[in-house]
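Dumped query37.cif below, it's mmCIF, C-alpha atoms:
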```
data_data
#
loop_
_atom_site.group_PDB
_atom_site.id
_atom_site.type_symbol
_atom_site.label_atom_id
_atom_site.label_comp_id
_atom_site.auth_asym_id
_atom_site.auth_seq_id
_atom_site.Cartn_x
_atom_site.Cartn_y
_atom_site.Cartn_z
ATOM 1 C CA MET S 1 -23.399 -13.868 -2.096
ATOM 2 C CA THR S 2 -23.404 -11.691 -5.192
ATOM 3 C CA THR S 3 -22.793 -7.976 -5.408
ATOM 4 C CA THR S 4 -23.865 -7.343 -8.982
ATOM 5 C CA ALA S 5 -27.009 -5.459 -7.949
ATOM 6 C CA ALA S 6 -25.446 -2.913 -5.569
ATOM 7 C CA PRO S 7 -27.211 0.386 -6.307
ATOM 8 C CA ASP S 8 -24.712 3.201 -5.708
ATOM 9 C CA HIS S 9 -22.262 4.995 -7.984
ATOM 10 C CA PHE S 10 -19.321 2.869 -6.818
ATOM 11 C CA THR S 11 -20.655 0.030 -8.952
ATOM 12 C CA THR S 12 -20.550 1.952 -12.250
ATOM 13 C CA LEU S 13 -18.297 0.443 -14.890
ATOM 14 C CA PRO S 14 -15.857 2.870 -16.550
ATOM 15 C CA ASP S 15 -15.869 3.770 -20.214
ATOM 16 C CA GLU S 16 -13.172 2.268 -22.421
ATOM 17 C CA GLN S 17 -11.099 5.455 -22.441
ATOM 18 C CA THR S 18 -10.915 5.538 -18.645
ATOM 19 C CA LEU S 19 -10.153 1.822 -18.479
ATOM 20 C CA ALA S 20 -7.356 2.136 -21.042
ATOM 21 C CA ALA S 21 -5.852 5.146 -19.255
ATOM 22 C CA THR S 22 -5.861 3.291 -15.939
ATOM 23 C CA VAL S 23 -4.211 0.245 -17.495
ATOM 24 C CA THR S 24 -1.469 2.480 -18.892
ATOM 25 C CA ALA S 25 -0.948 4.138 -15.509
ATOM 26 C CA LEU S 26 -0.677 0.784 -13.757
ATOM 27 C CA GLU S 27 1.863 -0.440 -16.291
ATOM 28 C CA GLU S 28 3.902 2.729 -15.817
ATOM 29 C CA HIS S 29 4.057 1.911 -12.090
ATOM 30 C CA GLY S 30 5.513 -1.557 -12.658
ATOM 31 C CA PHE S 31 2.344 -3.658 -12.653
ATOM 32 C CA SER S 32 1.466 -5.975 -15.519
ATOM 33 C CA VAL S 33 -2.208 -5.819 -16.481
ATOM 34 C CA GLU S 34 -4.747 -7.673 -18.549
ATOM 35 C CA VAL S 35 -8.455 -7.081 -19.042
ATOM 36 C CA ALA S 36 -10.970 -9.944 -19.020
ATOM 37 C CA ASP S 37 -14.479 -9.673 -20.392
ATOM 38 C CA ASP S 38 -16.130 -11.873 -17.761
ATOM 39 C CA LEU S 39 -15.615 -14.027 -14.676
ATOM 40 C CA ASP S 40 -14.739 -17.132 -16.666
ATOM 41 C CA GLY S 41 -12.110 -15.228 -18.630
ATOM 42 C CA ALA S 42 -10.639 -13.817 -15.419
ATOM 43 C CA ARG S 43 -10.343 -17.269 -13.846
ATOM 44 C CA LYS S 44 -8.613 -18.663 -16.923
ATOM 45 C CA ALA S 45 -6.256 -15.672 -17.065
ATOM 46 C CA VAL S 46 -5.204 -16.114 -13.445
ATOM 47 C CA LEU S 47 -4.729 -19.875 -13.501
ATOM 48 C CA ALA S 48 -2.747 -19.691 -16.749
ATOM 49 C CA ARG S 49 -0.091 -17.639 -14.942
ATOM 50 C CA ILE S 50 0.498 -20.099 -12.090
ATOM 51 C CA PRO S 51 2.761 -23.120 -12.697
ATOM 52 C CA HIS S 52 1.373 -26.416 -11.419
ATOM 53 C CA GLY S 53 2.884 -27.372 -8.081
ATOM 54 C CA SER S 54 3.242 -23.770 -6.899
ATOM 55 C CA SER S 55 2.224 -22.838 -3.368
ATOM 56 C CA VAL S 56 -0.787 -20.533 -3.727
ATOM 57 C CA MET S 57 -2.573 -18.521 -1.044
ATOM 58 C CA THR S 58 -6.127 -17.461 -1.836
ATOM 59 C CA ASN S 59 -6.894 -14.633 0.548
ATOM 60 C CA THR S 60 -10.516 -14.110 1.580
ATOM 61 C CA SER S 61 -12.238 -12.419 -1.346
ATOM 62 C CA VAL S 62 -15.741 -12.415 -2.778
ATOM 63 C CA THR S 63 -14.127 -11.878 -6.189
ATOM 64 C CA LEU S 64 -11.996 -15.025 -5.897
ATOM 65 C CA ALA S 65 -15.067 -16.961 -4.816
ATOM 66 C CA GLU S 66 -17.378 -15.694 -7.560
ATOM 67 C CA THR S 67 -14.821 -16.223 -10.326
ATOM 68 C CA GLY S 68 -14.220 -19.811 -9.172
ATOM 69 C CA ILE S 69 -10.537 -19.126 -8.566
ATOM 70 C CA ALA S 70 -10.660 -20.055 -4.883
ATOM 71 C CA ASP S 71 -12.259 -23.426 -5.621
ATOM 72 C CA ALA S 72 -9.819 -24.113 -8.470
ATOM 73 C CA VAL S 73 -6.855 -23.591 -6.134
ATOM 74 C CA ASN S 74 -8.173 -25.148 -2.929
ATOM 75 C CA GLY S 75 -10.238 -28.056 -4.278
ATOM 76 C CA GLU S 76 -9.282 -31.706 -3.921
ATOM 77 C CA ASP S 77 -8.187 -32.038 -7.554
ATOM 78 C CA SER S 78 -6.178 -28.811 -7.602
ATOM 79 C CA PRO S 79 -2.792 -28.965 -9.346
ATOM 80 C CA TYR S 80 -1.492 -26.407 -6.849
ATOM 81 C CA GLU S 81 -0.265 -26.583 -3.262
ATOM 82 C CA SER S 82 -2.984 -24.752 -1.340
ATOM 83 C CA ALA S 83 -1.330 -22.581 1.284
ATOM 84 C CA ARG S 84 -4.785 -21.811 2.654
ATOM 85 C CA ASN S 85 -5.581 -25.477 3.270
ATOM 86 C CA LYS S 86 -2.155 -26.048 4.795
ATOM 87 C CA MET S 87 -2.479 -22.976 7.017
ATOM 88 C CA PHE S 88 -5.942 -23.786 8.357
ATOM 89 C CA ALA S 89 -4.943 -27.352 9.164
ATOM 90 C CA LEU S 90 -2.888 -25.868 12.014
ATOM 91 C CA ASP S 91 -4.079 -24.779 15.471
ATOM 92 C CA PHE S 92 -4.463 -20.999 15.705
ATOM 93 C CA ALA S 93 -4.042 -21.081 19.482
ATOM 94 C CA THR S 94 -0.626 -22.759 19.416
ATOM 95 C CA GLN S 95 0.706 -22.459 15.833
ATOM 96 C CA VAL S 96 -0.186 -18.940 14.773
ATOM 97 C CA GLN S 97 3.390 -18.027 13.795
ATOM 98 C CA GLN S 98 3.628 -21.049 11.515
ATOM 99 C CA MET S 99 0.290 -20.049 10.006
ATOM 100 C CA LYS S 100 1.604 -16.548 9.328
ATOM 101 C CA ALA S 101 4.707 -17.947 7.627
ATOM 102 C CA ILE S 102 2.651 -20.202 5.344
ATOM 103 C CA GLY S 103 0.072 -17.569 4.419
ATOM 104 C CA GLY S 104 2.539 -14.704 4.181
ATOM 105 C CA GLN S 105 5.243 -16.219 1.955
ATOM 106 C CA PRO S 106 3.646 -18.304 -0.804
ATOM 107 C CA ASP S 107 4.863 -18.532 -4.370
ATOM 108 C CA TYR S 108 1.630 -16.775 -5.379
ATOM 109 C CA ALA S 109 -0.701 -14.637 -3.272
ATOM 110 C CA LEU S 110 -4.126 -14.122 -4.834
ATOM 111 C CA GLY S 111 -6.705 -11.551 -3.829
ATOM 112 C CA SER S 112 -8.553 -8.441 -4.831
ATOM 113 C CA VAL S 113 -8.385 -4.720 -4.196
ATOM 114 C CA HIS S 114 -10.998 -2.252 -3.019
ATOM 115 C CA ALA S 115 -9.979 0.534 -5.388
ATOM 116 C CA VAL S 116 -7.686 1.316 -8.294
ATOM 117 C CA THR S 117 -6.903 4.988 -8.802
ATOM 118 C CA ARG S 118 -6.693 6.535 -12.237
ATOM 119 C CA ASP S 119 -3.002 7.328 -11.727
ATOM 120 C CA GLY S 120 -2.190 3.675 -10.996
ATOM 121 C CA THR S 121 -2.345 3.050 -7.235
ATOM 122 C CA LEU S 122 -3.836 -0.136 -5.765
ATOM 123 C CA VAL S 123 -5.720 0.251 -2.477
ATOM 124 C CA ILE S 124 -6.592 -2.681 -0.196
ATOM 125 C CA ALA S 125 -8.409 -2.501 3.154
ATOM 126 C CA SER S 126 -8.397 -5.262 5.748
ATOM 127 C CA ALA S 127 -9.883 -5.895 9.165
ATOM 128 C CA SER S 128 -6.878 -7.807 10.534
ATOM 129 C CA GLY S 129 -4.189 -7.101 7.931
ATOM 130 C CA SER S 130 -3.508 -10.830 7.548
ATOM 131 C CA GLN S 131 -3.156 -10.675 3.766
ATOM 132 C CA LEU S 132 -1.327 -7.353 3.490
ATOM 133 C CA ALA S 133 2.185 -8.578 4.348
ATOM 134 C CA SER S 134 2.185 -11.022 1.441
ATOM 135 C CA TYR S 135 0.947 -8.333 -0.948
ATOM 136 C CA ALA S 136 3.515 -5.772 0.156
ATOM 137 C CA TRP S 137 6.560 -8.035 0.385
ATOM 138 C CA GLY S 138 6.209 -11.663 1.449
ATOM 139 C CA ALA S 139 4.820 -13.417 -1.619
ATOM 140 C CA ALA S 140 7.096 -14.063 -4.567
ATOM 141 C CA ASN S 141 4.236 -13.183 -6.919
ATOM 142 C CA VAL S 142 0.907 -11.413 -6.405
ATOM 143 C CA ILE S 143 -2.168 -11.523 -8.627
ATOM 144 C CA PHE S 144 -5.042 -9.134 -7.979
ATOM 145 C CA VAL S 145 -8.420 -9.705 -9.622
ATOM 146 C CA ALA S 146 -10.915 -6.848 -9.591
ATOM 147 C CA GLY S 147 -14.060 -5.701 -11.319
ATOM 148 C CA ALA S 148 -13.487 -2.555 -13.354
ATOM 149 C CA HIS S 149 -16.174 -0.791 -11.285
ATOM 150 C CA LYS S 150 -13.461 -0.410 -8.616
ATOM 151 C CA LEU S 151 -11.664 2.227 -10.705
ATOM 152 C CA VAL S 152 -11.776 5.611 -8.964
ATOM 153 C CA PRO S 153 -10.366 9.056 -9.800
ATOM 154 C CA ASP S 154 -8.036 9.455 -6.799
ATOM 155 C CA LEU S 155 -7.056 8.305 -3.313
ATOM 156 C CA ALA S 156 -9.696 10.438 -1.599
ATOM 157 C CA THR S 157 -12.387 8.669 -3.612
ATOM 158 C CA ALA S 158 -10.732 5.329 -2.849
ATOM 159 C CA GLN S 159 -11.116 6.045 0.863
ATOM 160 C CA ARG S 160 -14.771 6.956 0.410
ATOM 161 C CA ARG S 161 -15.332 3.777 -1.589
ATOM 162 C CA ILE S 162 -13.833 1.679 1.189
ATOM 163 C CA TYR S 163 -15.845 3.208 4.020
ATOM 164 C CA HIS S 164 -19.146 3.935 2.277
ATOM 165 C CA HIS S 165 -19.381 0.989 -0.134
ATOM 166 C CA SER S 166 -17.006 -1.904 0.633
ATOM 167 C CA LEU S 167 -17.242 -1.871 4.427
ATOM 168 C CA PRO S 168 -21.058 -2.054 4.692
ATOM 169 C CA LEU S 169 -21.132 -4.979 2.244
ATOM 170 C CA GLU S 170 -18.258 -6.796 3.964
ATOM 171 C CA ASP S 171 -19.827 -6.151 7.365
ATOM 172 C CA ALA S 172 -23.040 -7.848 6.215
ATOM 173 C CA ARG S 173 -21.029 -10.759 4.779
ATOM 174 C CA ALA S 174 -19.007 -11.144 7.995
ATOM 175 C CA GLN S 175 -22.112 -11.165 10.143
ATOM 176 C CA ALA S 176 -23.691 -13.850 7.972
ATOM 177 C CA ALA S 177 -20.507 -15.941 7.754
ATOM 178 C CA TYR S 178 -18.926 -15.456 11.185
ATOM 179 C CA GLY S 179 -21.581 -13.817 13.367
ATOM 180 C CA GLN S 180 -19.421 -10.731 13.906
ATOM 181 C CA HIS S 181 -18.970 -7.258 12.478
ATOM 182 C CA SER S 182 -16.130 -6.250 10.174
ATOM 183 C CA GLN S 183 -13.999 -3.132 10.352
ATOM 184 C CA VAL S 184 -11.280 -1.261 8.488
ATOM 185 C CA GLY S 185 -8.278 -2.093 10.629
ATOM 186 C CA LYS S 186 -5.516 -1.419 8.094
ATOM 187 C CA ILE S 187 -5.228 0.012 4.590
ATOM 188 C CA LEU S 188 -2.408 -0.776 2.147
ATOM 189 C CA GLU S 189 -1.595 1.507 -0.771
ATOM 190 C CA ILE S 190 0.690 0.034 -3.428
ATOM 191 C CA HIS S 191 1.991 2.883 -5.544
ATOM 192 C CA THR S 192 4.689 1.093 -7.497
ATOM 193 C CA GLU S 193 6.392 -2.294 -7.791
ATOM 194 C CA LEU S 194 9.399 -3.840 -9.465
ATOM 195 C CA PRO S 195 8.222 -5.171 -12.847
ATOM 196 C CA GLY S 196 7.165 -8.809 -12.894
ATOM 197 C CA ARG S 197 5.952 -9.278 -9.325
ATOM 198 C CA ILE S 198 2.371 -7.954 -9.293
ATOM 199 C CA HIS S 199 -0.162 -8.762 -12.006
ATOM 200 C CA VAL S 200 -3.615 -7.172 -12.167
ATOM 201 C CA VAL S 201 -6.609 -8.719 -13.915
ATOM 202 C CA LEU S 202 -9.414 -6.206 -14.448
ATOM 203 C CA ILE S 203 -12.851 -7.536 -15.353
ATOM 204 C CA ARG S 204 -15.396 -5.662 -17.457
ATOM 205 C CA GLN S 205 -18.050 -6.700 -14.944
ATOM 206 C CA GLN S 206 -19.220 -5.895 -11.416
ATOM 207 C CA VAL S 207 -17.896 -8.501 -8.995
ATOM 208 C CA GLY S 208 -16.818 -8.254 -5.387
ATOM 209 C CA PHE S 209 -16.835 -5.328 -3.000
#
```
As a first step, turn the structure in this file into structure tokens.
Amino acid sequence: MTTTAAPDHFTTLPDEQTLAATVTALEEHGFSVEVADDLDGARKAVLARIPHGSSVMTNTSVTLAETGIADAVNGEDSPYESARNKMFALDFATQVQQMKAIGGQPDYALGSVHAVTRDGTLVIASASGSQLASYAWGAANVIFVAGAHKLVPDLATAQRRIYHHSLPLEDARAQAAYGQHSQVGKILEIHTELPGRIHVVLIRQQVGF
């Protein structure tokens, strides 16, 4: 599934001044940031930061899929220890706590965000919240990859983006993939972080929800 043709204003890419100001705000809040020109550049930027042999959790994300990051981590020839593969080899009915430990405490948690505010806050919505614990605390390192069209002026606009743009697209994806509707069960706002833990790769391209 691709989202590059979504028609509403939440898919508009920012001008360079807005992008630069947002990068500065994120850095002031303890996040490291780099800007990639395209999906290939984003994939290379992410993988270059992860030492071979690290345990890596790729959380469900259209962005990780479309950039090829998910396949690079979870494929048979991957140089990484796929926490996702290890987690889903277990039985959810009887080993759910072990699954949570594997997915929630990797060396690197990878994912995307649904909005980035101009003053440097990262906003992530989730149906179950399964990925949020690793982002907030559990993972030693977190890398977020997001299209620059996810930049928004403020938290109020971030909420509108989640409910009026991201949720309808994710709901359609969930119905096609799982035969069930999605929902916004939990929302995480990351306002600041100790330097060195969270890295953000922004892409000058529409990708993901």
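Each of S:Leu151, S:Ala20, S:Val35, S:Ile102 was checked against Ala89 in chain S using all atoms listed in the file; the smallest atom-to-atom distance is that of S:Ile102.
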Q.
I'd like the contact shell of range 115-128 of chain S - 6 Å cut-off, all atoms listed in the file, skipping same-chain residues fewer than 3 positions apart - returned as a VMD selection string.
A. chain S and resid 22 25 to 26 150 to 154 158 183 to 191
Serialized selection, C-alpha atoms, as an mmCIF file, in the coordinates of the input:
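Output below, filename result_5.cif:
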```
data_model
loop_
_atom_site.group_PDB
_atom_site.id
_atom_site.type_symbol
_atom_site.label_atom_id
_atom_site.label_comp_id
_atom_site.auth_asym_id
_atom_site.auth_seq_id
_atom_site.Cartn_x
_atom_site.Cartn_y
_atom_site.Cartn_z
ATOM 1 C CA THR S 22 -5.861 3.291 -15.939
ATOM 2 C CA ALA S 25 -0.948 4.138 -15.509
ATOM 3 C CA LEU S 26 -0.677 0.784 -13.757
ATOM 4 C CA LYS S 150 -13.461 -0.410 -8.616
ATOM 5 C CA LEU S 151 -11.664 2.227 -10.705
ATOM 6 C CA VAL S 152 -11.776 5.611 -8.964
ATOM 7 C CA PRO S 153 -10.366 9.056 -9.800
ATOM 8 C CA ASP S 154 -8.036 9.455 -6.799
ATOM 9 C CA ALA S 158 -10.732 5.329 -2.849
ATOM 10 C CA GLN S 183 -13.999 -3.132 10.352
ATOM 11 C CA VAL S 184 -11.280 -1.261 8.488
ATOM 12 C CA GLY S 185 -8.278 -2.093 10.629
ATOM 13 C CA LYS S 186 -5.516 -1.419 8.094
ATOM 14 C CA ILE S 187 -5.228 0.012 4.590
ATOM 15 C CA LEU S 188 -2.408 -0.776 2.147
ATOM 16 C CA GLU S 189 -1.595 1.507 -0.771
ATOM 17 C CA ILE S 190 0.690 0.034 -3.428
ATOM 18 C CA HIS S 191 1.991 2.883 -5.544
#
```
Q | Atom-to-atom span, CA of Val142 in chain S and CA of Ile198 in chain S, Å | A | 4.7 Å
Q: Tell me, as a list in words, which residues lie within 6 Å of range 161-173 of chain S, counting only C-alpha atoms; anything in the same chain fewer than 5 positions away does not count.
A: His181, Ser182 and Phe209 of chain S
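CA of Val207 in chain S lies 9.6 Å from CA of Asp38 in chain S.
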Q: Name all residues at most 10 Å from Arg43 in chain S (count only C-alpha atoms; drop same-chain ones fewer than 5 positions away) and give them as a PyMOL selection string.
A: chain S and resi 36+38+48+64+66-70+72+145+201
Q. Which of these, S:Val73, S:Val113, S:Ala45, S:Ala83, has the shortest distance to Gly147 in chain S once you count all atoms listed in the file?
A. S:Val113
Q: I would like the residues chosen by the PyMOL selection byres ((chain S and resi 51) around 12) on the shown file; could you give them as number ranges by chain?
A: S: 46-50, 52-56, 73, 78-81, 107-108, 141
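Separating CA of Ala109 in chain S from CA of Gly138 in chain S is a distance of 8.9 Å.
Considering all atoms listed in the file, the residue among S:Gly103, S:Gly179, S:Pro14, S:Gly196 positioned nearest to Met87 in chain S is S:Gly103.
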Assuming 5 Å of padding per side, give the centre and edge lengths of the axis-aligned box around every listed atom of range 80-92 of chain S, in Å to one decimal and as AutoDock Vina command-line options.
```
--center_x -3.1 --center_y -24.2 --center_z 4.4 --size_x 15.7 --size_y 16.4 --size_z 32.6
```
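If all atoms listed in the file are the atoms counted, then among S:Asn59, S:Thr12, S:Gln206, S:Gln95 the closest residue to Gly129 in chain S is S:Asn59.
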Once you count all atoms listed in the file, which residues end up no further than 10 Å from (-6.4, -8.3, -20.0) in the file's frame, shown as a compact mmCIF listing (two decimals) with C-alpha atoms, in the frame of the given file?
```txt
# COMPACT_ATOMS: atom_id res chain seq x y z
CA VAL S 23 -4.21 0.24 -17.50
CA SER S 32 1.47 -5.98 -15.52
CA VAL S 33 -2.21 -5.82 -16.48
CA GLU S 34 -4.75 -7.67 -18.55
CA VAL S 35 -8.46 -7.08 -19.04
CA ALA S 36 -10.97 -9.94 -19.02
CA ASP S 37 -14.48 -9.67 -20.39
CA GLY S 41 -12.11 -15.23 -18.63
CA ALA S 42 -10.64 -13.82 -15.42
CA ALA S 45 -6.26 -15.67 -17.07
CA VAL S 200 -3.62 -7.17 -12.17
CA VAL S 201 -6.61 -8.72 -13.92
CA LEU S 202 -9.41 -6.21 -14.45
CA ILE S 203 -12.85 -7.54 -15.35
CA ARG S 204 -15.40 -5.66 -17.46
```
For Gly30 in chain S, find every residue with an atom within 7 Å (counting only C-alpha atoms), except residues of its own chain fewer than 3 positions away, and show them as a PDB file with C-alpha atoms, keeping the file's coordinate frame.
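Listing of result.pdb after writing:
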```
ATOM      1  CA  LEU S  26      -0.677   0.784 -13.757  1.00  0.00           C
ATOM      2  CA  GLU S  27       1.863  -0.440 -16.291  1.00  0.00           C
ATOM      3  CA  THR S 192       4.689   1.093  -7.497  1.00  0.00           C
ATOM      4  CA  GLU S 193       6.392  -2.294  -7.791  1.00  0.00           C
ATOM      5  CA  LEU S 194       9.399  -3.840  -9.465  1.00  0.00           C
ATOM      6  CA  PRO S 195       8.222  -5.171 -12.847  1.00  0.00           C
TER       7      PRO S 195
END
```
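Across S:His149, S:His199, S:Lys44, S:His29, the tightest approach to His9 in chain S is made by S:His149 when counting all atoms listed in the file.
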Will you model N, CA and C atoms for range 34-56 of chain S and pass it back as a short mmCIF file (atom, residue, chain, number, x, y, z; two decimals), in the frame of the given file?
```cif
data_model
loop_
_atom_site.label_atom_id
_atom_site.label_comp_id
_atom_site.auth_asym_id
_atom_site.auth_seq_id
_atom_site.Cartn_x
_atom_site.Cartn_y
_atom_site.Cartn_z
N GLU S 34 -3.93 -7.21 -17.45
CA GLU S 34 -4.75 -7.67 -18.55
C GLU S 34 -6.21 -7.45 -18.20
N VAL S 35 -7.03 -7.35 -19.22
CA VAL S 35 -8.46 -7.08 -19.04
C VAL S 35 -9.24 -8.29 -19.53
N ALA S 36 -10.12 -8.81 -18.67
CA ALA S 36 -10.97 -9.94 -19.02
C ALA S 36 -12.40 -9.46 -19.22
N ASP S 37 -13.11 -10.09 -20.12
CA ASP S 37 -14.48 -9.67 -20.39
C ASP S 37 -15.47 -10.16 -19.35
N ASP S 38 -15.17 -11.29 -18.70
CA ASP S 38 -16.13 -11.87 -17.76
C ASP S 38 -15.41 -12.69 -16.70
N LEU S 39 -16.19 -13.29 -15.79
CA LEU S 39 -15.62 -14.03 -14.68
C LEU S 39 -14.86 -15.26 -15.14
N ASP S 40 -15.40 -15.94 -16.14
CA ASP S 40 -14.74 -17.13 -16.67
C ASP S 40 -13.39 -16.77 -17.28
N GLY S 41 -13.36 -15.68 -18.03
CA GLY S 41 -12.11 -15.23 -18.63
C GLY S 41 -11.08 -14.84 -17.59
N ALA S 42 -11.56 -14.21 -16.49
CA ALA S 42 -10.64 -13.82 -15.42
C ALA S 42 -10.03 -15.03 -14.75
N ARG S 43 -10.86 -16.05 -14.47
CA ARG S 43 -10.34 -17.27 -13.85
C ARG S 43 -9.28 -17.92 -14.73
N LYS S 44 -9.57 -18.04 -16.01
CA LYS S 44 -8.61 -18.66 -16.92
C LYS S 44 -7.32 -17.85 -17.00
N ALA S 45 -7.44 -16.53 -16.98
CA ALA S 45 -6.26 -15.67 -17.07
C ALA S 45 -5.36 -15.85 -15.84
N VAL S 46 -5.98 -15.95 -14.68
CA VAL S 46 -5.20 -16.11 -13.44
C VAL S 46 -4.53 -17.48 -13.40
N LEU S 47 -5.29 -18.52 -13.63
CA LEU S 47 -4.73 -19.88 -13.50
C LEU S 47 -3.64 -20.14 -14.54
N ALA S 48 -3.75 -19.50 -15.70
CA ALA S 48 -2.75 -19.69 -16.75
C ALA S 48 -1.38 -19.15 -16.34
N ARG S 49 -1.35 -18.25 -15.36
CA ARG S 49 -0.09 -17.64 -14.94
C ARG S 49 0.62 -18.42 -13.83
N ILE S 50 -0.06 -19.42 -13.26
CA ILE S 50 0.50 -20.10 -12.09
C ILE S 50 0.98 -21.50 -12.47
N PRO S 51 2.26 -21.78 -12.38
CA PRO S 51 2.76 -23.12 -12.70
C PRO S 51 2.19 -24.16 -11.74
N HIS S 52 1.85 -25.32 -12.26
CA HIS S 52 1.37 -26.42 -11.42
C HIS S 52 2.43 -26.78 -10.37
N GLY S 53 1.98 -27.05 -9.17
CA GLY S 53 2.88 -27.37 -8.08
C GLY S 53 3.27 -26.18 -7.23
N SER S 54 2.91 -24.97 -7.67
CA SER S 54 3.24 -23.77 -6.90
C SER S 54 2.42 -23.71 -5.62
N SER S 55 3.01 -23.12 -4.57
CA SER S 55 2.22 -22.84 -3.37
C SER S 55 1.43 -21.56 -3.62
N VAL S 56 0.11 -21.64 -3.39
CA VAL S 56 -0.79 -20.53 -3.73
C VAL S 56 -1.67 -20.24 -2.53
#
```
